[in-house]
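Q: Structure in structure tokens, see below.
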Amino acid sequence: MLIEARSPSCFSSQYVLKLDGRAVGEFRGRWFSEGIDIRLTERLKLHFEKASWLASEFRLLDAGTEEVLASGTRTGVFSTSWDLQLRTGPAQLVRSSIFSSEFALQRDDGTLATASRIGICEGGWRVEDDGTLDATDLVFVGLIYHTILKRQQNSSS
């Protein structure tokens, strides 16, 4: 499966989610927060939120039931890796190489998915898996990757 987040312009904070080329929803970041509200076409609403103010821990919640669908935390203070608890089990999101902006989702020394940027200025991204993840896991991995990209952008400006 392939999920993409595409922005209509370089200056927009709204993104359209496409699953295998078909639009399935949208999300928009919140001002002064790393939280994100996601609306999917099946009338499902999700919240991507930071668990606490100081920690780098995030959760993906079903907005209707407040059920935690996935969670993740940064592996360490000076690490670029993230430990994720997905619906399909635990995994780790790691940078593919030192000079790359691409990340790989790994479990048991195998790569389940890759996350990479789309375009230079639009801030979009794509996550492509090997068929083992469900759509919710792909969305969560993409949102963690989105957070990584936003943090890099904020630190360089």
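Lettering and numbering for the structure tokens are positional, with chains as A, B, ... in the shown order, residues counted from 1 in each chain, and ligands counted from 1 in the shown order.
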Would you write out, as a Markdown table, a table of all residues in region 51-126 of chain A that have an atom no more than 12 Å from an atom of region 148-156 of chain A, listing for each the closest atom pair and the distance in Å to one decimal, considering only C-alpha atoms and ordering rows by chain and rising residue number?

A:
```
| residue | atom | partner | partner_atom | distance |
| --- | --- | --- | --- | --- |
| A:Ser56 | CA | A:Ile148 | CA | 10.6 |
| A:Phe58 | CA | A:Ile148 | CA | 11.9 |
| A:Thr73 | CA | A:Ile148 | CA | 11.8 |
| A:Arg74 | CA | A:Ile148 | CA | 10.3 |
| A:Ser79 | CA | A:Ile148 | CA | 11.7 |
| A:Thr80 | CA | A:Ile148 | CA | 8.6 |
| A:Ser81 | CA | A:Ile148 | CA | 10.0 |
| A:Trp82 | CA | A:Ile148 | CA | 9.9 |
| A:Leu93 | CA | A:Ile148 | CA | 10.8 |
| A:Val94 | CA | A:Ile148 | CA | 11.1 |
| A:Arg95 | CA | A:Ile148 | CA | 10.5 |
| A:Ser100 | CA | A:Leu149 | CA | 12.0 |
| A:Ser101 | CA | A:Leu149 | CA | 8.4 |
| A:Glu102 | CA | A:Leu149 | CA | 10.2 |
| A:Phe103 | CA | A:Ile148 | CA | 9.9 |
| A:Ala115 | CA | A:Leu149 | CA | 10.9 |
| A:Ser116 | CA | A:Leu149 | CA | 9.8 |
| A:Arg117 | CA | A:Leu149 | CA | 8.6 |
| A:Ile118 | CA | A:Leu149 | CA | 11.4 |
| A:Ile120 | CA | A:Leu149 | CA | 11.6 |
| A:Cys121 | CA | A:Gln153 | CA | 10.7 |
| A:Glu122 | CA | A:Leu149 | CA | 11.4 |
| A:Gly123 | CA | A:Leu149 | CA | 7.7 |
| A:Gly124 | CA | A:Leu149 | CA | 9.4 |
| A:Trp125 | CA | A:Leu149 | CA | 9.2 |
```

Q: Neighbours of Asp62 (chain A) within 9 Å (only C-alpha atoms; same-chain residues fewer than 6 positions away dropped), as a list of chain:residue names?

A: A:Leu44, A:Lys45, A:Leu46, A:His47, A:Val68, A:Leu69

Q: Please identify the strand (DSSP E) residues within region 63-97 of chain A (assignment by DSSP from backbone atoms) and present them as number ranges by chain.

A: A: 68-74, 82-86, 89-95

Q: Of the residues A:Gly35, A:Pro90, A:Gly72, A:Gly110, which is the one nearest to Asp129 (chain A), using only C-alpha atoms?

A: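 Ranked by minimum distance to Asp129 (chain A), first place goes to A:Gly110.
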
Q: So which one's closest to Thr41 (chain A), A:Arg59, A:Arg28, A:Arg22, A:Arg126? Using only C-alpha atoms, please.

A: A:Arg22
